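Data block for run.pdb (PDB, C-alpha atoms):
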ATOM      1  CA  MET P 296      26.293  17.300  44.903
ATOM      2  CA  PRO P 297      24.685  17.317  41.478
ATOM      3  CA  ILE P 298      26.154  15.154  38.822
ATOM      4  CA  ILE P 299      25.804  16.206  35.259
ATOM      5  CA  VAL P 300      26.531  13.893  32.406
ATOM      6  CA  ILE P 301      27.516  15.364  29.104
ATOM      7  CA  TYR P 302      27.449  13.246  26.026
ATOM      8  CA  LYS P 303      29.472  14.357  23.132
ATOM      9  CA  TYR P 304      29.543  12.421  20.001
ATOM     10  CA  LEU P 305      30.658  13.187  16.534
ATOM     11  CA  ASN P 306      27.905  13.383  14.035
ATOM     12  CA  ASN P 307      29.052  10.350  12.232
ATOM     13  CA  PRO P 308      27.458   8.595   9.260
ATOM     14  CA  CYS P 309      28.154   5.153  10.606
ATOM     15  CA  LYS P 310      27.537   5.144  14.271
ATOM     16  CA  GLN P 311      27.807   1.443  14.721
ATOM     17  CA  GLU P 312      31.557   1.898  14.481
ATOM     18  CA  PHE P 313      31.613   3.610  17.836
ATOM     19  CA  LYS P 314      32.947   1.210  20.317
ATOM     20  CA  ARG P 315      35.611   3.174  22.038
ATOM     21  CA  LEU P 316      34.466   5.923  24.318
ATOM     22  CA  ARG P 317      36.567   8.121  26.532
ATOM     23  CA  TYR P 318      35.358   9.284  29.876
ATOM     24  CA  PHE P 319      36.376  12.470  31.586
ATOM     25  CA  ILE P 320      35.476  13.391  35.098
ATOM     26  CA  VAL P 321      35.649  17.083  35.680
ATOM     27  CA  PHE P 322      35.110  18.998  38.903
ATOM     28  CA  HIS P 323      33.840  22.468  38.437
ATOM     29  CA  SER P 324      32.257  24.706  41.072
ATOM     30  CA  LYS P 325      30.948  21.930  43.280
ATOM     31  CA  THR P 326      29.522  19.989  40.359
ATOM     32  CA  LEU P 327      30.830  16.762  39.013
ATOM     33  CA  TYR P 328      30.749  16.626  35.285
ATOM     34  CA  LEU P 329      31.070  13.307  33.608
ATOM     35  CA  GLN P 330      31.994  13.816  30.033
ATOM     36  CA  ILE P 331      31.688  10.948  27.607
ATOM     37  CA  VAL P 332      33.468  11.603  24.398
ATOM     38  CA  ALA P 333      33.545   9.281  21.475
ATOM     39  CA  LYS P 334      37.087   8.694  20.523
ATOM     40  CA  LYS P 335      37.710   9.898  17.066
ATOM     41  CA  GLN P 336      39.117   7.265  14.857
ATOM     42  CA  THR P 337      40.589   7.967  11.516
ATOM     43  CA  PHE P 338      40.549   5.346   8.857
ATOM     44  CA  ILE P 339      42.944   4.961   6.033
ATOM     45  CA  CYS P 340      41.701   5.364   2.523
ATOM     46  CA  GLU P 341      43.519   3.971  -0.461
ATOM     47  CA  PRO P 342      41.782   4.367  -3.796
ATOM     48  CA  ASN P 343      44.433   2.188  -5.446
ATOM     49  CA  ILE P 344      43.177  -0.989  -3.891
ATOM     50  CA  TRP P 345      39.458  -0.259  -4.242
ATOM     51  CA  VAL P 346      38.955  -2.206  -7.430
ATOM     52  CA  ASP P 347      40.786  -5.305  -6.267
ATOM     53  CA  GLU P 348      39.291  -5.351  -2.817
ATOM     54  CA  TYR P 349      35.681  -4.392  -3.236
ATOM     55  CA  SER P 350      34.585  -4.705  -6.850
ATOM     56  CA  ASP P 351      33.347  -8.316  -6.631
ATOM     57  CA  GLU P 352      31.375  -7.727  -3.477
ATOM     58  CA  PHE P 353      29.834  -4.547  -4.820
ATOM     59  CA  PHE P 354      29.031  -6.274  -8.078
ATOM     60  CA  ARG P 355      27.196  -9.055  -6.265
ATOM     61  CA  PHE P 356      25.326  -6.488  -4.203
ATOM     62  CA  ALA P 357      24.299  -4.610  -7.332
ATOM     63  CA  ILE P 358      23.429  -7.548  -9.581
ATOM     64  CA  TYR P 359      21.180  -9.025  -6.938
ATOM     65  CA  ARG P 360      19.196  -5.831  -7.084
ATOM     66  CA  VAL P 361      19.211  -4.713 -10.694
ATOM     67  CA  LYS P 362      19.286  -8.129 -12.397
ATOM     68  CA  SER P 363      21.440  -7.097 -15.278
ATOM     69  CA  ARG P 364      25.167  -7.681 -15.683
ATOM     70  CA  GLU P 365      25.845  -4.568 -17.721
ATOM     71  CA  ILE P 366      23.994  -2.213 -15.448
ATOM     72  CA  ALA P 367      25.559  -3.702 -12.340
ATOM     73  CA  GLU P 368      29.003  -3.297 -13.892
ATOM     74  CA  ASP P 369      28.266   0.306 -14.755
ATOM     75  CA  LEU P 370      26.956   1.019 -11.288
ATOM     76  CA  VAL P 371      30.116  -0.362  -9.694
ATOM     77  CA  GLN P 372      32.268   1.784 -11.947
ATOM     78  CA  GLU P 373      30.166   4.857 -11.272
ATOM     79  CA  THR P 374      30.438   4.215  -7.542
ATOM     80  CA  PHE P 375      34.214   4.214  -7.663
ATOM     81  CA  LEU P 376      34.302   7.339  -9.780
ATOM     82  CA  ALA P 377      31.833   9.150  -7.535
ATOM     83  CA  GLY P 378      33.931   8.085  -4.576
ATOM     84  CA  LEU P 379      37.050   9.549  -6.153
ATOM     85  CA  LYS P 380      35.265  12.765  -6.966
ATOM     86  CA  SER P 381      34.083  13.304  -3.423
ATOM     87  CA  LEU P 382      37.233  11.979  -1.801
ATOM     88  CA  ALA P 383      37.918  15.394  -0.307
ATOM     89  CA  LYS P 384      34.544  15.369   1.419
ATOM     90  CA  PHE P 385      35.129  11.967   2.987
ATOM     91  CA  ARG P 386      35.783  12.658   6.644
ATOM     92  CA  ARG P 387      37.512   9.314   7.286
ATOM     93  CA  ASP P 388      35.524   8.680  10.382
ATOM     94  CA  CYS P 389      34.237   5.382   9.126
ATOM     95  CA  PRO P 390      35.822   2.641   7.038
ATOM     96  CA  GLU P 391      35.956   3.467   3.365
ATOM     97  CA  LYS P 392      33.985   0.344   2.553
ATOM     98  CA  SER P 393      30.837   1.424   4.368
ATOM     99  CA  TRP P 394      31.188   4.851   2.849
ATOM    100  CA  LEU P 395      31.397   3.368  -0.640
ATOM    101  CA  TYR P 396      28.456   1.088   0.123
ATOM    102  CA  ASN P 397      26.374   4.140   0.905
ATOM    103  CA  ILE P 398      27.248   5.626  -2.466
ATOM    104  CA  LEU P 399      26.379   2.399  -4.244
ATOM    105  CA  ARG P 400      23.055   2.147  -2.481
ATOM    106  CA  ASN P 401      22.152   5.661  -3.520
ATOM    107  CA  LYS P 402      23.177   4.865  -7.086
ATOM    108  CA  ILE P 403      20.878   1.850  -7.148
ATOM    109  CA  ILE P 404      17.910   3.849  -5.894
ATOM    110  CA  ASP P 405      18.734   6.589  -8.397
ATOM    111  CA  TYR P 406      18.820   4.023 -11.163
ATOM    112  CA  PHE P 407      15.360   2.777 -10.274
ATOM    113  CA  ARG P 408      14.097   6.303  -9.955
ATOM    114  CA  LYS P 409      15.334   7.135 -13.439
ATOM    115  CA  LYS P 410      13.992   3.925 -14.916
ATOM    116  CA  THR P 411      10.522   4.330 -13.491
ATOM    117  CA  ASN P 412      10.438   7.958 -14.481
ATOM    118  CA  GLN P 413      11.116   6.994 -18.047
ATOM    119  CA  GLU P 414       8.494   4.280 -17.980
ATOM    120  CA  ILE P 415       5.609   6.043 -16.425
ATOM    121  CA  LYS P 416       6.717   9.636 -16.362
ATOM    122  CA  ARG P 417       5.841  10.157 -12.766
ATOM    123  CA  SER P 418       2.233   9.282 -13.401
ATOM    124  CA  SER P 419       2.008   7.095 -10.357
ATOM    125  CA  ALA P 420       4.745   8.729  -8.326
ATOM    126  CA  VAL P 421       3.564  10.003  -5.022
ATOM    127  CA  VAL P 422       3.345  13.669  -4.375
ATOM    128  CA  GLU P 423       2.953  15.102  -0.946
ATOM    129  CA  THR P 424      -0.730  15.890  -1.018
ATOM    130  CA  ASP P 425      -2.888  16.993   1.844
ATOM    131  CA  ASP P 426      -4.270  14.572   4.365
ATOM    132  CA  ASP P 427      -7.813  14.134   3.138
ATOM    133  CA  SER P 428      -7.071  13.297  -0.445
ATOM    134  CA  PHE P 429      -4.245  10.973   0.529
ATOM    135  CA  TYR P 430      -6.103   8.944   3.083
ATOM    136  CA  GLY P 431      -9.157   9.009   0.840
ATOM    137  CA  GLN P 432      -7.371   6.540  -1.417
ATOM    138  CA  PHE P 433      -7.309   3.976   1.341
ATOM    139  CA  PHE P 434      -9.974   4.700   3.905
ATOM    140  CA  LYS P 435     -13.561   5.758   4.125
ATOM    141  CA  LYS P 436     -14.424   8.775   6.192
ATOM    142  CA  GLU P 437     -15.257   6.655   9.209
ATOM    143  CA  GLY P 438     -11.815   5.094   9.112
ATOM    144  CA  GLN P 439     -12.603   1.755   7.543
ATOM    145  CA  TRP P 440     -10.861   0.296   4.541
ATOM    146  CA  ASN P 441     -12.199   1.453   1.227
ATOM    147  CA  ASN P 442     -12.051  -1.953  -0.249
ATOM    148  CA  GLU P 443     -12.026  -4.908   2.069
ATOM    149  CA  ALA P 444     -10.441  -7.118  -0.508
ATOM    150  CA  THR P 445      -7.309  -5.014  -0.914
ATOM    151  CA  GLN P 446      -5.491  -6.726   1.887
ATOM    152  CA  GLU P 447      -4.822 -10.214   0.652
ATOM    153  CA  ASN P 448      -2.487 -12.769   2.021
ATOM    154  CA  TRP P 449       0.851 -12.375   0.281
ATOM    155  CA  ASP P 450       2.011 -15.748   1.398
ATOM    156  CA  ILE P 451       5.742 -15.324   1.216
ATOM    157  CA  SER P 452       8.157 -16.732   3.687
ATOM    158  CA  ALA P 453      11.807 -16.072   4.293
ATOM    159  CA  ASP P 454      13.028 -19.378   2.949
ATOM    160  CA  LYS P 455      11.587 -19.002  -0.512
ATOM    161  CA  LEU P 456      14.621 -17.231  -1.805
ATOM    162  CA  MET P 457      13.566 -16.951  -5.417
ATOM    163  CA  GLU P 458      10.333 -15.276  -4.523
ATOM    164  CA  ARG P 459      12.027 -13.067  -2.002
ATOM    165  CA  GLU P 460      14.518 -11.886  -4.570
ATOM    166  CA  GLU P 461      11.716 -10.887  -6.858
ATOM    167  CA  PHE P 462       9.859  -9.297  -4.003
ATOM    168  CA  MET P 463      12.966  -7.312  -3.120
ATOM    169  CA  GLN P 464      13.144  -5.892  -6.632
ATOM    170  CA  PHE P 465       9.628  -4.609  -6.442
ATOM    171  CA  LEU P 466      10.240  -3.253  -2.988
ATOM    172  CA  ILE P 467      13.176  -1.171  -4.220
ATOM    173  CA  LEU P 468      11.136  -0.018  -7.179
ATOM    174  CA  CYS P 469       8.357   1.100  -4.870
ATOM    175  CA  LEU P 470      10.847   2.747  -2.527
ATOM    176  CA  SER P 471      12.146   4.770  -5.456
ATOM    177  CA  LEU P 472       8.631   5.975  -6.167
ATOM    178  CA  LEU P 473       8.269   7.526  -2.744
ATOM    179  CA  PRO P 474       9.162  11.179  -2.251
ATOM    180  CA  GLU P 475      12.832  11.467  -1.395
ATOM    181  CA  LYS P 476      12.219  12.666   2.121
ATOM    182  CA  TRP P 477      10.058   9.677   2.945
ATOM    183  CA  ALA P 478      12.565   7.189   1.648
ATOM    184  CA  LYS P 479      15.283   8.959   3.576
ATOM    185  CA  VAL P 480      13.538   8.260   6.857
ATOM    186  CA  PHE P 481      13.900   4.525   6.271
ATOM    187  CA  SER P 482      17.493   4.704   5.160
ATOM    188  CA  MET P 483      18.397   6.805   8.182
ATOM    189  CA  LYS P 484      16.706   4.368  10.488
ATOM    190  CA  ASN P 485      18.186   1.241   8.924
ATOM    191  CA  ILE P 486      21.684   2.224   7.844
ATOM    192  CA  ASP P 487      22.726   4.916  10.227
ATOM    193  CA  GLU P 488      20.654   3.623  13.120
ATOM    194  CA  TYR P 489      19.566   7.097  13.986
ATOM    195  CA  SER P 490      17.147   7.487  16.843
ATOM    196  CA  THR P 491      13.839   9.094  16.011
ATOM    197  CA  LYS P 492      14.927  12.291  17.739
ATOM    198  CA  GLU P 493      17.929  12.580  15.469
ATOM    199  CA  ILE P 494      15.841  11.895  12.390
ATOM    200  CA  CYS P 495      13.487  14.708  13.348
ATOM    201  CA  LYS P 496      16.391  17.043  13.939
ATOM    202  CA  GLU P 497      18.052  16.214  10.651
ATOM    203  CA  LEU P 498      14.886  16.591   8.567
ATOM    204  CA  GLU P 499      13.600  19.510  10.637
ATOM    205  CA  ILE P 500      10.205  18.012  11.407
ATOM    206  CA  THR P 501       8.268  17.315  14.559
ATOM    207  CA  PRO P 502       7.823  13.765  15.880
ATOM    208  CA  SER P 503       4.143  13.697  14.987
ATOM    209  CA  ASN P 504       5.100  14.719  11.459
ATOM    210  CA  LEU P 505       7.489  11.803  11.359
ATOM    211  CA  TRP P 506       4.823   9.329  12.447
ATOM    212  CA  THR P 507       2.525  10.626   9.735
ATOM    213  CA  ILE P 508       5.258  10.269   7.152
ATOM    214  CA  ILE P 509       5.917   6.687   8.225
ATOM    215  CA  HIS P 510       2.241   5.842   8.173
ATOM    216  CA  ARG P 511       1.756   7.310   4.722
ATOM    217  CA  ALA P 512       4.919   5.739   3.357
ATOM    218  CA  LYS P 513       3.901   2.327   4.627
ATOM    219  CA  LEU P 514       0.407   2.648   3.153
ATOM    220  CA  GLN P 515       1.916   3.742  -0.137
ATOM    221  CA  LEU P 516       4.373   0.853  -0.166
ATOM    222  CA  HIS P 517       1.560  -1.580   0.508
ATOM    223  CA  GLY P 518      -0.548  -0.160  -2.268
ATOM    224  CA  CYS P 519       2.336  -0.153  -4.707
ATOM    225  CA  LEU P 520       3.447  -3.705  -3.897
ATOM    226  CA  GLU P 521      -0.119  -4.896  -4.087
ATOM    227  CA  LYS P 522      -0.520  -3.401  -7.517
ATOM    228  CA  ARG P 523       2.823  -4.280  -9.058
ATOM    229  CA  TRP P 524       3.995  -7.406  -7.330
ATOM    230  CA  HIS P 525       1.009  -9.307  -6.066
ATOM    231  CA  ASN P 526      -1.405  -8.706  -8.912
ATOM    232  CA  LYS P 527       1.026  -8.780 -11.781
TER
ATOM    233  CA  MET X 155     -22.124   1.685  26.122
ATOM    234  CA  LYS X 156     -21.840   2.521  22.473
ATOM    235  CA  LYS X 157     -19.769   5.583  23.258
ATOM    236  CA  LEU X 158     -17.438   3.532  25.401
ATOM    237  CA  MET X 159     -17.013   1.020  22.593
ATOM    238  CA  TYR X 160     -16.057   3.789  20.216
ATOM    239  CA  LYS X 161     -13.450   4.965  22.674
ATOM    240  CA  ILE X 162     -11.847   1.578  23.071
ATOM    241  CA  MET X 163     -11.984   0.312  19.507
ATOM    242  CA  LEU X 164      -9.586   1.659  16.950
ATOM    243  CA  THR X 165     -10.633   2.407  13.425
ATOM    244  CA  CYS X 166      -8.707   0.679  10.642
ATOM    245  CA  LYS X 167      -6.931   3.927   9.891
ATOM    246  CA  GLN X 168      -5.689   4.271  13.440
ATOM    247  CA  ALA X 169      -4.764   0.603  13.612
ATOM    248  CA  THR X 170      -2.606   0.846  10.478
ATOM    249  CA  PHE X 171      -0.978   3.924  11.971
ATOM    250  CA  TYR X 172       0.083   2.102  15.109
ATOM    251  CA  SER X 173       1.105  -0.913  13.109
ATOM    252  CA  SER X 174       3.433   1.143  10.885
ATOM    253  CA  VAL X 175       4.911   3.222  13.667
ATOM    254  CA  LYS X 176       5.526   0.228  15.872
ATOM    255  CA  SER X 177       8.933  -0.563  14.387
ATOM    256  CA  PHE X 178      10.138   2.970  15.089
ATOM    257  CA  LYS X 179       8.973   3.520  18.628
ATOM    258  CA  LYS X 180       7.657   1.490  21.481
ATOM    259  CA  LEU X 181       3.934   1.972  21.760
ATOM    260  CA  LYS X 182       2.164   2.768  24.985
ATOM    261  CA  LEU X 183       0.616  -0.201  26.711
ATOM    262  CA  VAL X 184      -2.889   1.089  26.034
ATOM    263  CA  HIS X 185      -2.203   1.369  22.328
ATOM    264  CA  ARG X 186      -0.559  -2.026  22.199
ATOM    265  CA  ILE X 187      -3.615  -3.632  23.728
ATOM    266  CA  GLN X 188      -5.969  -1.672  21.495
ATOM    267  CA  LEU X 189      -3.973  -2.713  18.434
ATOM    268  CA  LYS X 190      -3.929  -6.361  19.460
ATOM    269  CA  LEU X 191      -7.647  -6.269  20.023
ATOM    270  CA  HIS X 192      -8.279  -4.701  16.654
ATOM    271  CA  LEU X 193      -5.950  -7.072  14.812
ATOM    272  CA  SER X 194      -7.653 -10.065  16.332
ATOM    273  CA  MET X 195     -10.940  -8.971  14.859
ATOM    274  CA  CYS X 196     -10.150  -7.263  11.574
ATOM    275  CA  LYS X 197      -8.810  -9.531   8.873
ATOM    276  CA  SER X 198      -7.573  -6.786   6.537
ATOM    277  CA  CYS X 199      -5.595  -5.074   9.246
ATOM    278  CA  HIS X 200      -4.180  -8.371  10.417
ATOM    279  CA  GLU X 201      -2.925  -8.966   6.904
ATOM    280  CA  PHE X 202      -1.587  -5.414   6.770
ATOM    281  CA  ASP X 203       0.358  -5.975   9.961
ATOM    282  CA  HIS X 204       1.797  -9.209   8.653
ATOM    283  CA  GLN X 205       2.848  -7.535   5.415
ATOM    284  CA  ASN X 206       4.390  -4.728   7.394
ATOM    285  CA  GLN X 207       6.712  -7.185   9.055
ATOM    286  CA  ILE X 208       7.728  -8.619   5.684
ATOM    287  CA  ILE X 209       8.419  -5.158   4.315
ATOM    288  CA  ASP X 210      10.399  -4.129   7.369
ATOM    289  CA  LYS X 211      12.533  -7.219   7.255
ATOM    290  CA  SER X 212      13.214  -6.969   3.532
ATOM    291  CA  MET X 213      14.019  -3.298   3.870
ATOM    292  CA  THR X 214      16.557  -4.000   6.590
ATOM    293  CA  ASP X 215      18.084  -6.698   4.408
ATOM    294  CA  PHE X 216      18.354  -4.282   1.530
ATOM    295  CA  TYR X 217      19.979  -1.554   3.544
ATOM    296  CA  LYS X 218      22.285  -3.870   5.447
ATOM    297  CA  GLY X 219      23.259  -5.773   2.300
ATOM    298  CA  LYS X 220      22.363  -9.297   3.309
ATOM    299  CA  HIS X 221      21.554 -12.286   1.122
ATOM    300  CA  LEU X 222      24.755 -12.245  -0.837
ATOM    301  CA  HIS X 223      25.035 -15.950  -1.467
ATOM    302  CA  SER X 224      25.628 -15.814  -5.168
ATOM    303  CA  GLU X 225      29.045 -16.547  -6.565
ATOM    304  CA  GLU X 226      28.859 -14.040  -9.380
ATOM    305  CA  THR X 227      32.009 -12.144  -9.976
ATOM    306  CA  LEU X 228      32.929  -9.259 -12.157
ATOM    307  CA  SER X 229      34.510 -10.321 -15.422
ATOM    308  CA  GLU X 230      38.261  -9.800 -15.595
ATOM    309  CA  GLU X 231      37.825  -7.666 -18.680
ATOM    310  CA  LYS X 232      35.488  -5.221 -16.980
ATOM    311  CA  LYS X 233      37.613  -5.211 -13.859
ATOM    312  CA  SER X 234      40.725  -4.159 -15.707
ATOM    313  CA  GLN X 235      38.711  -1.590 -17.602
ATOM    314  CA  ILE X 236      37.430  -0.068 -14.377
ATOM    315  CA  LYS X 237      40.966  -0.158 -13.012
ATOM    316  CA  ILE X 238      42.229   1.826 -15.972
ATOM    317  CA  THR X 239      39.476   4.415 -15.630
ATOM    318  CA  VAL X 240      40.096   4.783 -11.924
ATOM    319  CA  ASN X 241      43.846   5.062 -12.390
ATOM    320  CA  GLN X 242      43.368   7.669 -15.080
ATOM    321  CA  TYR X 243      41.227   9.657 -12.711
ATOM    322  CA  ILE X 244      43.800   9.446  -9.917
ATOM    323  CA  LYS X 245      46.620  10.614 -12.188
ATOM    324  CA  GLY X 246      44.744  13.286 -14.069
TER
END
Take the structure I supplied and represent it as structure tokens, if you would.
Amino acid sequence: MPIIVIYKYLNNPCKQEFKRLRYFIVFHSKTLYLQIVAKKQTFICEPNIWVDEYSDEFFRFAIYRVKSREIAEDLVQETFLAGLKSLAKFRRDCPEKSWLYNILRNKIIDYFRKKTNQEIKRSSAVVETDDDSFYGQFFKKEGQWNNEATQENWDISADKLMEREEFMQFLILCLSLLPEKWAKVFSMKNIDEYSTKEICKELEITPSNLWTIIHRAKLQLHGCLEKRWHNK
Amino acid sequence: MKKLMYKIMLTCKQATFYSSVKSFKKLKLVHRIQLKLHLSMCKSCHEFDHQNQIIDKSMTDFYKGKHLHSEETLSEEKKSQIKITVNQYIKG
């Protein structure tokens, strides 16, 4: 007797919230179907308490990244307003806090994107060029590094918090310089914990495309951090 | 012999590829060994791999919102101002 397992899950922005699953066993024409359905949870959402509950935490999150009181304050306010505006779109399938965090994170990256655009007017922003000219920046034709000296020891460890904080700033700056699609791959992987299959499906690319994007993004991040952070 | 060597050894470009993709998918055993072999010999790529780990870790920290030790809080003034704006938006 064949057994078929059907997974059904809601396409949910915060999958780590899934802990409760429901199982159904269904008999149908000599086949046993085992249906696993994620139980839909609805979360309450009260804009009235947002400011009291979350503003300090959000502020700390923002100030650690943008290093300016005024801008962090503005970002927190903008987050709440953007949340109110898109309240109708909020599907209530995850806690409001993680939803608001997502908005704030996007605001921070937007802020850096705007700032760098003003500073350098996209001069060093990455465009999606073809393979040869992109890899030509880093490698010779035979596949060796262009410049052996480019890869220096960064010498930073997790416990040096001050240095890490600074490093983090430059990392976000460099992330904001990547094309949006590239940066999205990392956010999908880290926040939503998407599997690579789901990432490919969402962005409508093939797996080998995804690997190339990751490779290029990493190379670009290295180059950018090398230039801005290490050799400042 | 030379041909065989070329087959086994990765170029730096390939090595950086495997090193970057490694955090997203589990590499095949062959590739893992090839990468290890290359990293043990090529200083630049070894450094690249090390930096990759730093970047990955920091990126996860950024997205997950860790390292919030500071005691900074929003000023009461600004808080009440945000409250007013939010309340206005809810009513109007």
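Distance annotation: of P:Trp440, P:Phe429, P:Trp524, P:Phe353, the residue with the minimal separation from P:Leu399 is P:Phe353; atom set is only C-alpha atoms.
Distance check against chain P using all atoms listed in the file: of X:Ser234, X:Gln207, X:Ser198, X:Ser177, the minimum falls on X:Ser198.
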Nearby residues (all atoms listed in the file) at most 8 Å from X:Gln188, same-chain spacing under 6 positions excluded, as an NGL selection string:
:X and (162-164)
Selected residues written out with C-alpha atoms, as a short mmCIF file (atom, residue, chain, number, x, y, z; two decimals), keeping the file's coordinate frame:
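Dumped to selection_19.cif:
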data_model
loop_
_atom_site.label_atom_id
_atom_site.label_comp_id
_atom_site.auth_asym_id
_atom_site.auth_seq_id
_atom_site.Cartn_x
_atom_site.Cartn_y
_atom_site.Cartn_z
CA ILE X 162 -11.85 1.58 23.07
CA MET X 163 -11.98 0.31 19.51
CA LEU X 164 -9.59 1.66 16.95
#
Counting all atoms listed in the file, chain X residues within 7 Å of chain P, as a PyMOL selection string
chain X and resi 165-167+171+174-175+198+201-202+212+214+217-219+222+226-228+236-237+240
Same residues, C-alpha atoms, output as a short mmCIF file (atom, residue, chain, number, x, y, z; two decimals), in the frame of the given file:
data_model
loop_
_atom_site.label_atom_id
_atom_site.label_comp_id
_atom_site.auth_asym_id
_atom_site.auth_seq_id
_atom_site.Cartn_x
_atom_site.Cartn_y
_atom_site.Cartn_z
CA THR X 165 -10.63 2.41 13.42
CA CYS X 166 -8.71 0.68 10.64
CA LYS X 167 -6.93 3.93 9.89
CA PHE X 171 -0.98 3.92 11.97
CA SER X 174 3.43 1.14 10.88
CA VAL X 175 4.91 3.22 13.67
CA SER X 198 -7.57 -6.79 6.54
CA GLU X 201 -2.92 -8.97 6.90
CA PHE X 202 -1.59 -5.41 6.77
CA SER X 212 13.21 -6.97 3.53
CA THR X 214 16.56 -4.00 6.59
CA TYR X 217 19.98 -1.55 3.54
CA LYS X 218 22.28 -3.87 5.45
CA GLY X 219 23.26 -5.77 2.30
CA LEU X 222 24.76 -12.24 -0.84
CA GLU X 226 28.86 -14.04 -9.38
CA THR X 227 32.01 -12.14 -9.98
CA LEU X 228 32.93 -9.26 -12.16
CA ILE X 236 37.43 -0.07 -14.38
CA LYS X 237 40.97 -0.16 -13.01
CA VAL X 240 40.10 4.78 -11.92
#
If you apply the PyMOL selection byres ((chain X and resi 186) around 12) to this file, what residues do you get, as an MDAnalysis selection string?
chainID X and resid 162:164 168:169 171:173 175:176 179:185 187:193
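A straight line drawn from atom CA of P:Ile404 to atom CA of P:Leu468 is 7.9 Å long.
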What does the distance between atom CA of P:Arg408 and atom CA of P:Leu472 come to in Å, to one decimal place?
6.7 Å
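One finds atom CA of P:Ile339 at 12.7 Å from atom CA of P:Ser393.
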